[in-house]
Every structure is written in structure tokens, then in C-alpha cells.
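Read the structure below first, then the notes.
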Amino acid sequence: MLNTGPIPKGPTIDDAEISARIFSSVNLTCLIDWHPDYDDCPKNWLWQYFLEDLPRTGKKYKEYDLQDTGRKCKKELVHSIFNVTENDEGTYSCLFICDDRNTMKAAVDLTVFVPLPATGIVTTLYGQI
């Protein structure tokens, strides 16, 4: 069968830096080139955190199957992190594995923040109101 779509390229991430509030949930999203005529590319895909493969399911994580994006040759690989803590900060990589080429990846940096408590005092450049 002739391939009618583009040769799949490596994964991409639209937002390379994500901030999440402590104890919230966050979705990491990676766009993957996809064409049904290329059976061997991608053959596999996964998320890693500091070079360790992340579990696909569990209390802390959930990786969703490739999802349609509405674009013909793109799919989304979404990895959710629940109950985010400071221990979740760092670089996450989306890996795209093909038989006929080296593994390709895209990375996103996750920062976790703790919101300041509301004091009822408004501070401006000129002092408190």
C-alpha cells in the first residue's frame, strides 16, 4: 500500500513550561504525528519523569490512549498527574518510538506553586490600601 500521508515526525509540546497549584491535578499533553499507513511509526509512546517510565495508571497517574485532535495526522498523548506536590516538579518527556529511526522525544517542565493566603490587605506600589 502506498503511504498517502506525511512521514511521522517526532512529538511536540505546545507549552514547554506548566505551573500547577499544589494538591491540584494537571494534564501534560504531547502531540504525535499519526498516519494509519505507517504501522511501525509510532510503534510505541510513553511518558518519562527523570528518565524513568511513568506508570500508565494508578492513584497518582493516568495516561490516556491516543486521542483525536480534529486534525488528520495528529493525535494527543495526555498524561494526568493527580494531587500534585513539590515532589512532582521537574522535567517530563513524551517519547515516540519507531522501528525505523531513533527514539524521539519532547519535554515539558512542571513547576508546583503554593498560593499565598489571602490577607484582606491590598498592597500597591504606593503601600497598603
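Starting from 1 in every chain, residues are counted up; chains themselves are A, B, ... following the order of the C-alpha cells, and ligands are numbered from 1 as listed.
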I'd like the neighbourhood of stretch 112-117 of chain A as a ChimeraX atom specification, where a residue qualifies if any of its atoms comes within 12 Å (using only C-alpha atoms), though same-chain residues fewer than 2 positions away should be ignored.
/A:17-26,81,83-91,109-110,119-121
Find the residues around A:Ser80 up to 8 Å (only C-alpha atoms counted), leave out those fewer than 2 positions away in its own chain, and share them as number ranges by chain.
A: 25-28, 61-63, 78, 82
I'd like to know which of A:Lys43, A:Ile13, A:Lys60, A:Cys73 is closest to A:Asp99, using only C-alpha atoms.
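Going through A:Lys43, A:Ile13, A:Lys60, A:Cys73 one by one, the smallest distance to A:Asp99 is for A:Lys43.
As for atom CA of A:Glu76 and atom CA of A:Gly58, they are spaced 20.2 Å apart.
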